[in-house]
>>> print(open('data_27.cif').read())   # mmCIF, C-alpha atoms
data_target
#
loop_
_atom_site.group_PDB
_atom_site.id
_atom_site.type_symbol
_atom_site.label_atom_id
_atom_site.label_comp_id
_atom_site.auth_asym_id
_atom_site.auth_seq_id
_atom_site.Cartn_x
_atom_site.Cartn_y
_atom_site.Cartn_z
ATOM 1 C CA MET K 1 0.000 0.000 0.000
ATOM 2 C CA SER K 2 1.361 3.413 -0.893
ATOM 3 C CA VAL K 3 -0.042 6.921 -0.871
ATOM 4 C CA HIS K 4 0.212 9.644 -3.466
ATOM 5 C CA CYS K 5 2.844 11.611 -1.552
ATOM 6 C CA GLY K 6 5.168 8.603 -1.494
ATOM 7 C CA SER K 7 5.786 8.448 2.265
ATOM 8 C CA ASP K 8 5.267 5.272 4.292
ATOM 9 C CA ALA K 9 4.922 7.399 7.426
ATOM 10 C CA VAL K 10 2.160 9.530 5.924
ATOM 11 C CA GLU K 11 0.476 6.379 4.638
ATOM 12 C CA GLN K 12 0.402 4.936 8.144
ATOM 13 C CA LEU K 13 -0.913 8.194 9.600
ATOM 14 C CA LEU K 14 -3.782 8.317 7.107
ATOM 15 C CA LEU K 15 -4.495 4.641 7.663
ATOM 16 C CA ALA K 16 -4.787 5.329 11.389
ATOM 17 C CA LEU K 17 -7.238 8.174 10.739
ATOM 18 C CA ALA K 18 -9.262 5.954 8.412
ATOM 19 C CA ASP K 19 -9.325 3.110 10.935
ATOM 20 C CA ASP K 20 -10.450 5.519 13.669
ATOM 21 C CA GLU K 21 -13.408 6.563 11.553
ATOM 22 C CA PHE K 22 -14.299 3.030 10.468
ATOM 23 C CA VAL K 23 -14.313 1.650 14.001
ATOM 24 C CA ALA K 24 -16.070 4.683 15.479
ATOM 25 C CA SER K 25 -18.784 4.317 12.841
ATOM 26 C CA GLN K 26 -19.417 0.726 13.863
ATOM 27 C CA ARG K 27 -19.744 1.660 17.532
ATOM 28 C CA TYR K 28 -22.139 4.551 16.849
ATOM 29 C CA ALA K 29 -24.260 2.287 14.654
ATOM 30 C CA GLU K 30 -24.790 -0.064 17.594
ATOM 31 C CA TRP K 31 -26.997 2.607 19.224
ATOM 32 C CA VAL K 32 -29.440 2.855 16.334
ATOM 33 C CA THR K 33 -32.965 1.995 17.601
ATOM 34 C CA VAL K 34 -31.727 1.699 21.205
ATOM 35 C CA GLY K 35 -30.687 5.294 21.894
ATOM 36 C CA PRO K 36 -32.173 7.312 24.767
ATOM 37 C CA THR K 37 -34.617 9.098 22.431
ATOM 38 C CA MET K 38 -35.911 8.630 18.886
ATOM 39 C CA GLU K 39 -34.234 11.895 17.915
ATOM 40 C CA GLU K 40 -30.905 10.622 19.233
ATOM 41 C CA ASP K 41 -31.353 7.420 17.221
ATOM 42 C CA ASN K 42 -31.431 9.573 14.100
ATOM 43 C CA VAL K 43 -28.479 11.695 15.209
ATOM 44 C CA LEU K 44 -26.281 8.688 15.994
ATOM 45 C CA SER K 45 -27.265 7.038 12.724
ATOM 46 C CA SER K 46 -26.213 10.200 10.896
ATOM 47 C CA ILE K 47 -22.910 10.363 12.784
ATOM 48 C CA ALA K 48 -22.234 6.692 12.003
ATOM 49 C CA GLN K 49 -22.817 7.375 8.306
ATOM 50 C CA ASP K 50 -20.591 10.467 8.431
ATOM 51 C CA GLU K 51 -17.763 8.510 10.030
ATOM 52 C CA MET K 52 -18.003 5.723 7.482
ATOM 53 C CA GLY K 53 -17.917 8.297 4.712
ATOM 54 C CA HIS K 54 -14.817 9.856 6.265
ATOM 55 C CA ALA K 55 -13.152 6.456 6.509
ATOM 56 C CA ARG K 56 -13.877 5.915 2.832
ATOM 57 C CA LEU K 57 -12.296 9.263 1.916
ATOM 58 C CA TRP K 58 -9.033 8.228 3.579
ATOM 59 C CA TYR K 59 -9.119 4.608 2.391
ATOM 60 C CA GLU K 60 -9.708 5.772 -1.184
ATOM 61 C CA PHE K 61 -6.685 8.052 -0.958
ATOM 62 C CA LEU K 62 -4.493 5.041 -0.160
ATOM 63 C CA GLU K 63 -3.477 3.359 -3.383
ATOM 64 C CA ASP K 64 -3.956 -0.355 -2.945
ATOM 65 C CA ASP K 65 -4.917 -3.414 -4.920
ATOM 66 C CA GLN K 66 -7.524 -4.323 -2.337
ATOM 67 C CA SER K 67 -11.173 -3.333 -2.559
ATOM 68 C CA LEU K 68 -12.553 -0.860 -0.043
ATOM 69 C CA ASP K 69 -14.433 -3.737 1.586
ATOM 70 C CA ALA K 70 -11.188 -5.652 1.985
ATOM 71 C CA ILE K 71 -9.355 -2.651 3.468
ATOM 72 C CA GLY K 72 -12.207 -1.839 5.842
ATOM 73 C CA TYR K 73 -13.372 -5.337 6.776
ATOM 74 C CA ASN K 74 -10.733 -7.896 5.872
ATOM 75 C CA ARG K 75 -7.827 -6.933 8.128
ATOM 76 C CA ARG K 76 -6.817 -8.556 11.378
ATOM 77 C CA PRO K 77 -6.997 -6.552 14.620
ATOM 78 C CA ASP K 78 -3.199 -6.303 14.832
ATOM 79 C CA GLU K 79 -3.113 -4.770 11.342
ATOM 80 C CA ARG K 80 -5.322 -1.865 12.382
ATOM 81 C CA ARG K 81 -4.071 1.455 13.703
ATOM 82 C CA ASN K 82 -7.147 2.975 15.329
ATOM 83 C CA SER K 83 -6.988 4.296 18.872
ATOM 84 C CA VAL K 84 -8.185 1.842 21.511
ATOM 85 C CA LEU K 85 -10.555 4.600 22.661
ATOM 86 C CA VAL K 86 -12.838 4.243 19.635
ATOM 87 C CA GLU K 87 -12.883 0.437 19.771
ATOM 88 C CA THR K 88 -14.104 0.410 23.379
ATOM 89 C CA GLU K 89 -17.479 -1.209 23.929
ATOM 90 C CA HIS K 90 -20.157 1.294 24.928
ATOM 91 C CA THR K 91 -21.655 -0.066 28.146
ATOM 92 C CA ASP K 92 -23.617 3.114 28.875
ATOM 93 C CA PHE K 93 -24.823 6.050 26.802
ATOM 94 C CA ALA K 94 -22.457 8.235 28.810
ATOM 95 C CA ASP K 95 -19.602 6.180 27.325
ATOM 96 C CA THR K 96 -20.729 7.218 23.872
ATOM 97 C CA ILE K 97 -20.728 10.890 24.788
ATOM 98 C CA VAL K 98 -17.338 10.800 26.514
ATOM 99 C CA ILE K 99 -15.757 8.902 23.604
ATOM 100 C CA ASN K 100 -17.445 11.347 21.224
ATOM 101 C CA PHE K 101 -15.932 14.276 23.139
ATOM 102 C CA LEU K 102 -12.422 12.879 23.683
ATOM 103 C CA TYR K 103 -12.027 11.492 20.182
ATOM 104 C CA ASP K 104 -13.566 14.363 18.233
ATOM 105 C CA THR K 105 -11.543 16.931 20.167
ATOM 106 C CA ALA K 106 -8.360 15.113 19.147
ATOM 107 C CA GLU K 107 -9.532 14.557 15.589
ATOM 108 C CA GLN K 108 -10.446 18.217 15.142
ATOM 109 C CA GLN K 109 -6.902 19.207 16.094
ATOM 110 C CA LEU K 110 -5.381 16.679 13.694
ATOM 111 C CA LEU K 111 -7.655 17.739 10.857
ATOM 112 C CA GLU K 112 -6.944 21.413 11.379
ATOM 113 C CA THR K 113 -3.214 20.750 11.089
ATOM 114 C CA LEU K 114 -3.754 18.684 7.935
ATOM 115 C CA CYS K 115 -5.852 21.488 6.434
ATOM 116 C CA ALA K 116 -2.920 23.835 6.933
ATOM 117 C CA GLY K 117 -0.364 21.315 5.689
ATOM 118 C CA ALA K 118 1.697 21.277 2.535
ATOM 119 C CA HIS K 119 -0.109 18.419 0.770
ATOM 120 C CA GLU K 120 -3.046 19.939 -1.133
ATOM 121 C CA ALA K 121 -4.979 16.708 -1.812
ATOM 122 C CA ILE K 122 -4.782 15.646 1.837
ATOM 123 C CA ALA K 123 -5.750 19.155 2.973
ATOM 124 C CA ARG K 124 -8.863 19.072 0.771
ATOM 125 C CA ARG K 125 -10.023 15.802 2.274
ATOM 126 C CA ALA K 126 -9.254 16.974 5.779
ATOM 127 C CA ASN K 127 -11.292 20.138 5.212
ATOM 128 C CA THR K 128 -14.252 18.125 3.892
ATOM 129 C CA ILE K 129 -14.194 15.909 6.972
ATOM 130 C CA LEU K 130 -13.656 18.796 9.380
ATOM 131 C CA THR K 131 -16.849 20.561 8.283
ATOM 132 C CA GLU K 132 -18.865 17.602 9.598
ATOM 133 C CA GLU K 133 -16.701 16.688 12.578
ATOM 134 C CA ILE K 134 -17.272 20.117 14.121
ATOM 135 C CA PHE K 135 -20.940 19.193 14.479
ATOM 136 C CA HIS K 136 -20.003 15.852 16.051
ATOM 137 C CA ARG K 137 -18.043 17.633 18.751
ATOM 138 C CA GLU K 138 -20.908 20.059 19.319
ATOM 139 C CA HIS K 139 -23.163 17.034 19.771
ATOM 140 C CA ALA K 140 -20.882 15.757 22.530
ATOM 141 C CA GLU K 141 -20.682 19.126 24.270
ATOM 142 C CA GLN K 142 -24.465 19.528 24.243
ATOM 143 C CA TRP K 143 -24.882 16.105 25.827
ATOM 144 C CA LEU K 144 -22.225 16.805 28.453
ATOM 145 C CA ALA K 145 -24.271 19.821 29.556
ATOM 146 C CA ARG K 146 -27.456 17.776 29.466
ATOM 147 C CA LEU K 147 -26.103 14.841 31.462
ATOM 148 C CA VAL K 148 -24.721 16.936 34.312
ATOM 149 C CA SER K 149 -28.179 18.420 34.911
ATOM 150 C CA THR K 150 -29.227 15.365 36.969
ATOM 151 C CA ALA K 151 -27.555 13.395 39.759
ATOM 152 C CA GLU K 152 -27.806 10.150 37.781
ATOM 153 C CA GLY K 153 -26.314 11.792 34.710
ATOM 154 C CA ARG K 154 -23.407 13.189 36.731
ATOM 155 C CA HIS K 155 -22.745 9.755 38.224
ATOM 156 C CA ARG K 156 -22.742 8.071 34.812
ATOM 157 C CA LEU K 157 -20.607 10.767 33.273
ATOM 158 C CA ARG K 158 -18.015 10.574 36.034
ATOM 159 C CA ASN K 159 -17.821 6.787 35.673
ATOM 160 C CA ALA K 160 -17.409 7.132 31.923
ATOM 161 C CA PHE K 161 -14.528 9.597 32.261
ATOM 162 C CA GLU K 162 -12.842 7.381 34.854
ATOM 163 C CA ARG K 163 -13.080 4.392 32.541
ATOM 164 C CA LEU K 164 -12.241 6.073 29.260
ATOM 165 C CA LEU K 165 -9.573 8.684 29.995
ATOM 166 C CA PRO K 166 -6.878 5.974 30.317
ATOM 167 C CA ARG K 167 -7.966 4.566 26.948
ATOM 168 C CA SER K 168 -7.493 7.940 25.297
ATOM 169 C CA ALA K 169 -3.755 7.913 26.030
ATOM 170 C CA ASP K 170 -2.843 6.520 22.598
ATOM 171 C CA LEU K 171 -4.666 9.126 20.493
ATOM 172 C CA PHE K 172 -1.371 10.849 19.593
ATOM 173 C CA SER K 173 1.011 7.957 20.353
ATOM 174 C CA PHE K 174 2.103 7.272 16.795
ATOM 175 C CA GLU K 175 5.216 5.289 15.989
ATOM 176 C CA PRO K 176 8.490 7.266 15.926
ATOM 177 C CA ALA K 177 8.757 6.907 12.147
ATOM 178 C CA ILE K 178 5.422 8.676 11.749
ATOM 179 C CA THR K 179 6.233 11.430 14.197
ATOM 180 C CA ASN K 180 9.637 12.004 12.615
ATOM 181 C CA GLN K 181 8.629 11.872 8.948
ATOM 182 C CA SER K 182 5.259 13.650 9.046
ATOM 183 C CA ALA K 183 6.616 17.036 10.072
ATOM 184 C CA GLU K 184 5.891 18.668 6.713
ATOM 185 C CA LEU K 185 2.371 17.280 6.647
ATOM 186 C CA ILE K 186 1.475 18.094 10.245
ATOM 187 C CA GLY K 187 3.669 21.106 10.949
ATOM 188 C CA ILE K 188 3.248 20.652 14.720
ATOM 189 C CA PRO K 189 4.894 17.932 16.843
ATOM 190 C CA PHE K 190 2.439 15.290 18.024
ATOM 191 C CA ASP K 191 3.515 15.939 21.611
ATOM 192 C CA GLU K 192 2.400 19.547 21.224
ATOM 193 C CA LEU K 193 -0.929 18.442 19.762
ATOM 194 C CA ARG K 194 -1.377 16.044 22.676
ATOM 195 C CA ASP K 195 -0.665 18.840 25.154
ATOM 196 C CA GLN K 196 -3.239 21.096 23.469
ATOM 197 C CA TRP K 197 -5.776 18.277 23.482
ATOM 198 C CA PHE K 198 -5.134 17.472 27.146
ATOM 199 C CA LYS K 199 -5.496 21.145 28.125
ATOM 200 C CA THR K 200 -8.880 21.322 26.381
ATOM 201 C CA VAL K 201 -10.049 18.089 27.999
ATOM 202 C CA ASP K 202 -8.852 19.139 31.466
ATOM 203 C CA GLU K 203 -10.520 22.546 31.196
ATOM 204 C CA THR K 204 -13.787 21.017 29.986
ATOM 205 C CA ILE K 205 -13.902 18.471 32.808
ATOM 206 C CA ASP K 206 -13.011 21.181 35.314
ATOM 207 C CA SER K 207 -15.996 23.211 34.092
ATOM 208 C CA LEU K 208 -18.404 20.345 34.810
ATOM 209 C CA PRO K 209 -19.945 19.684 38.234
ATOM 210 C CA ILE K 210 -18.313 16.258 38.527
ATOM 211 C CA GLU K 211 -15.210 15.000 40.310
ATOM 212 C CA VAL K 212 -12.862 13.037 38.081
ATOM 213 C CA SER K 213 -9.858 11.521 39.825
ATOM 214 C CA ASP K 214 -6.364 12.862 39.279
ATOM 215 C CA GLY K 215 -5.317 9.315 38.438
ATOM 216 C CA ALA K 216 -7.691 9.086 35.478
ATOM 217 C CA LEU K 217 -6.552 12.455 34.158
ATOM 218 C CA ALA K 218 -2.907 11.540 34.619
ATOM 219 C CA ALA K 219 -3.448 8.279 32.725
ATOM 220 C CA ALA K 220 -4.718 10.219 29.694
ATOM 221 C CA GLY K 221 -1.418 12.050 29.494
ATOM 222 C CA SER K 222 0.800 9.041 30.203
ATOM 223 C CA PRO K 223 2.196 6.323 27.905
ATOM 224 C CA PRO K 224 -0.754 4.077 26.958
ATOM 225 C CA GLU K 225 -1.236 0.623 28.417
ATOM 226 C CA HIS K 226 -2.555 -0.505 25.019
ATOM 227 C CA ASN K 227 -1.401 1.427 21.965
ATOM 228 C CA GLY K 228 -3.699 0.917 19.019
ATOM 229 C CA ARG K 229 -1.456 3.168 16.913
ATOM 230 C CA THR K 230 1.112 0.366 16.917
ATOM 231 C CA GLY K 231 -1.383 -2.509 16.672
ATOM 232 C CA GLY K 232 -1.709 -3.127 20.411
ATOM 233 C CA HIS K 233 -5.480 -3.480 20.644
ATOM 234 C CA THR K 234 -7.885 -4.786 23.261
ATOM 235 C CA ALA K 235 -10.326 -7.673 23.144
ATOM 236 C CA ASP K 236 -13.044 -5.107 22.388
ATOM 237 C CA LEU K 237 -11.769 -4.714 18.827
ATOM 238 C CA THR K 238 -11.720 -8.458 18.191
ATOM 239 C CA GLN K 239 -15.262 -8.708 19.539
ATOM 240 C CA LEU K 240 -16.408 -5.852 17.334
ATOM 241 C CA LEU K 241 -14.849 -7.266 14.167
ATOM 242 C CA ASP K 242 -16.224 -10.727 14.921
ATOM 243 C CA SER K 243 -19.717 -9.269 15.336
ATOM 244 C CA ILE K 244 -19.440 -7.394 12.034
ATOM 245 C CA HIS K 245 -18.582 -10.570 10.186
ATOM 246 C CA ALA K 246 -21.137 -12.707 11.994
ATOM 247 C CA GLU K 247 -24.048 -10.296 11.577
ATOM 248 C CA ASN K 248 -23.395 -8.326 8.412
ATOM 249 C CA LEU K 249 -21.435 -10.434 5.955
ATOM 250 C CA PRO K 250 -22.465 -13.647 4.210
ATOM 251 C CA LYS K 251 -20.118 -16.588 4.630
ATOM 252 C CA ASP K 252 -18.931 -16.353 1.024
ATOM 253 C CA HIS K 253 -18.209 -12.602 1.237
ATOM 254 C CA PRO K 254 -14.575 -11.878 0.244
ATOM 255 C CA ALA K 255 -14.083 -10.058 3.559
ATOM 256 C CA SER K 256 -15.215 -12.993 5.698
ATOM 257 C CA GLY K 257 -12.684 -14.810 7.822
ATOM 258 C CA TYR K 258 -10.423 -11.789 8.342
ATOM 259 C CA HIS K 259 -8.622 -13.494 11.207
ATOM 260 C CA ALA K 260 -7.679 -16.587 9.232
#
>>> encode(input="data_27.cif", output="C-alpha cells")
Amino acid sequence: MSVHCGSDAVEQLLLALADDEFVASQRYAEWVTVGPTMEEDNVLSSIAQDEMGHARLWYEFLEDDQSLDAIGYNRRPDERRNSVLVETEHTDFADTIVINFLYDTAEQQLLETLCAGAHEAIARRANTILTEEIFHREHAEQWLARLVSTAEGRHRLRNAFERLLPRSADLFSFEPAITNQSAELIGIPFDELRDQWFKTVDETIDSLPIEVSDGALAAAGSPPEHNGRTGGHTADLTQLLDSIHAENLPKDHPASGYHA
C-alpha cells in the first residue's frame, strides 16, 4: 500500500485516521434503535454514516490493490491502527458521549493541522471531513451539559470519564517513524498536539460539576497501556470485528474470515 505523496509514514498516519473513523462508525451504529430518544437514534445514525464516509475518503486516498471492503473489513486486529478509545465497547450512553468528546476533540486538532499542511490533496479531504466533525463535537458538548443536569447523569458521566480517559492515552502515540517523517504534513509535533488536546479536555472536565480523579486524568497524558497506533489493541476490537462478520457479511463474502 502506498499513498500519493510517497511516504510510508504519511500512509500509516492516514491509515490510522481511516481506521479511527471506520471503528467509530461501527460503535455509533450499535446505538441505532436503542438510543435514549428517537431523535438521538437519528443523530447517531447520521454520525455513524458520516464517520463511514470519512473512513472511505481516507481509504480511497491510499493506493492499494484491495477493494474498499477488503481494506475496511478484511484486516486482522493487529493490522489496524485505530486508537483503543474508539474500539471500546459502549456499556452506557455516557460512554458514547465521553468517547465522542475525547475522540472528536483530538480529531479536530489533527484535521486542522492537515488542512494547513503542505499536501493539497490531503488538505482538501481533511477540510471536507472537518466541516462535519465540528458538528459531532458540538453534539458531545451539548450532551455533556445535558447529562450533568441530573444526579444520575453526573454519576454516569463521572464513571465514563474514569473508565475512558486511560484509553485515550494513545490518540497521539504514533510510531516514531510517523512522528519524525510527518513534520511537513502536520507542521506541529504530536507531543504539542497532545498537550493542546489534554489542556482542552482538562478545562472542559473542570468546568463540569463532577469529580474526576487525578489518576484518570494523569493516565490520559501518560504512555498508553494498550497502543492501538502500533497494533496493540484490546479484546473489544476483536469482539467488534467478529460481530461485524457474523451479523453483516455472508459466509462467502470476500471479507469474511479476516482473522484466518
>>> resolve_selection(input="data_27.cif", expression="the PyMOL selection byres ((chain K and resi 156) around 12)", output="ChimeraX atom specification")
/K:91-98,144,147-155,157-163,210-212
>>> write_last_selection(input="data_27.cif", atoms="C-alpha atoms", output="CSV table (one decimal), in the coordinates of the input")
chain,number,residue,atom,x,y,z
K,91,THR,CA,-21.7,-0.1,28.1
K,92,ASP,CA,-23.6,3.1,28.9
K,93,PHE,CA,-24.8,6.0,26.8
K,94,ALA,CA,-22.5,8.2,28.8
K,95,ASP,CA,-19.6,6.2,27.3
K,96,THR,CA,-20.7,7.2,23.9
K,97,ILE,CA,-20.7,10.9,24.8
K,98,VAL,CA,-17.3,10.8,26.5
K,144,LEU,CA,-22.2,16.8,28.5
K,147,LEU,CA,-26.1,14.8,31.5
K,148,VAL,CA,-24.7,16.9,34.3
K,149,SER,CA,-28.2,18.4,34.9
K,150,THR,CA,-29.2,15.4,37.0
K,151,ALA,CA,-27.6,13.4,39.8
K,152,GLU,CA,-27.8,10.2,37.8
K,153,GLY,CA,-26.3,11.8,34.7
K,154,ARG,CA,-23.4,13.2,36.7
K,155,HIS,CA,-22.7,9.8,38.2
K,157,LEU,CA,-20.6,10.8,33.3
K,158,ARG,CA,-18.0,10.6,36.0
K,159,ASN,CA,-17.8,6.8,35.7
K,160,ALA,CA,-17.4,7.1,31.9
K,161,PHE,CA,-14.5,9.6,32.3
K,162,GLU,CA,-12.8,7.4,34.9
K,163,ARG,CA,-13.1,4.4,32.5
K,210,ILE,CA,-18.3,16.3,38.5
K,211,GLU,CA,-15.2,15.0,40.3
K,212,VAL,CA,-12.9,13.0,38.1
>>> closest_residue(input="data_27.cif", among="K:Ala70, K:Val86, K:Ala218, K:Ala48", to="Glu132 in chain K", atoms="only C-alpha atoms")
K:Ala48
>>> closest_residue(input="data_27.cif", among="K:Asp104, K:Asp41, K:Glu51, K:Asp19", to="Thr200 in chain K", atoms="only C-alpha atoms")
K:Asp104
>>> closest_residue(input="data_27.cif", among="K:Tyr103, K:Leu14, K:Ser46, K:Asp69", to="Tyr28 in chain K", atoms="all atoms listed in the file")
K:Ser46
>>> atom_distance(input="data_27.cif", atom1="CA of Ala106 in chain K", atom2="CA of Glu39 in chain K")
26.1 Å
>>> atom_distance(input="data_27.cif", atom1="CA of Val10 in chain K", atom2="CA of Leu102 in chain K")
23.2 Å
>>> residues_around(input="data_27.cif", residues="Leu237 in chain K", least_positions_apart="4", cutoff="7 Å", atoms="all atoms listed in the file", output="CSV table (one decimal) with C-alpha atoms, in the coordinates of the input")
chain,number,residue,atom,x,y,z
K,77,PRO,CA,-7.0,-6.6,14.6
K,87,GLU,CA,-12.9,0.4,19.8
K,233,HIS,CA,-5.5,-3.5,20.6
K,241,LEU,CA,-14.8,-7.3,14.2
>>> resolve_selection(input="data_27.cif", expression="the PyMOL selection byres ((chain K and resi 173) around 9)", output="JSON, numbers by chain")
{"K": [83, 169, 170, 171, 172, 174, 175, 176, 179, 190, 191, 194, 223, 224, 227, 228, 229, 230]}
>>> closest_residue(input="data_27.cif", among="K:Ala9, K:Ile71, K:Ala140, K:Leu17", to="Leu44 in chain K", atoms="all atoms listed in the file")
K:Ala140
>>> atom_distance(input="data_27.cif", atom1="CA of Thr113 in chain K", atom2="CA of Gly187 in chain K")
6.9 Å
>>> residues_around(input="data_27.cif", residues="Leu217 in chain K", least_positions_apart="3", cutoff="8 Å", atoms="only C-alpha atoms", output="list in words")
Leu165, Pro166, Asp202, Val212, Ser213, Asp214, Ala220 and Gly221 of chain K
>>> resolve_selection(input="data_27.cif", expression="the PyMOL selection byres ((chain K and resi 185) around 8)", output="MDAnalysis selection string")
chainID K and resid 10 113:114 117:119 182:184 186:187
>>> closest_residue(input="data_27.cif", among="K:Arg146, K:Arg56, K:Arg125, K:His136", to="Gln108 in chain K", atoms="all atoms listed in the file")
K:His136
>>> closest_residue(input="data_27.cif", among="K:Asp236, K:Ala121, K:Phe101, K:Val201", to="Glu138 in chain K", atoms="only C-alpha atoms")
K:Phe101
>>> residues_around(input="data_27.cif", residues="Leu57 in chain K", least_positions_apart="4", cutoff="9 Å", atoms="all atoms listed in the file", output="PyMOL selection string")
chain K and resi 18+52-53+61+125+129
>>> residues_around(input="data_27.cif", residues="Leu111 in chain K", least_positions_apart="5", cutoff="9 Å", atoms="all atoms listed in the file", output="MDAnalysis selection string")
chainID K and resid 106 116 123 126:127 129:130
>>> write_last_selection(input="data_27.cif", atoms="C-alpha atoms", output="short mmCIF file (atom, residue, chain, number, x, y, z; two decimals), keeping the file's coordinate frame")
data_model
loop_
_atom_site.label_atom_id
_atom_site.label_comp_id
_atom_site.auth_asym_id
_atom_site.auth_seq_id
_atom_site.Cartn_x
_atom_site.Cartn_y
_atom_site.Cartn_z
CA ALA K 106 -8.36 15.11 19.15
CA ALA K 116 -2.92 23.84 6.93
CA ALA K 123 -5.75 19.16 2.97
CA ALA K 126 -9.25 16.97 5.78
CA ASN K 127 -11.29 20.14 5.21
CA ILE K 129 -14.19 15.91 6.97
CA LEU K 130 -13.66 18.80 9.38
#
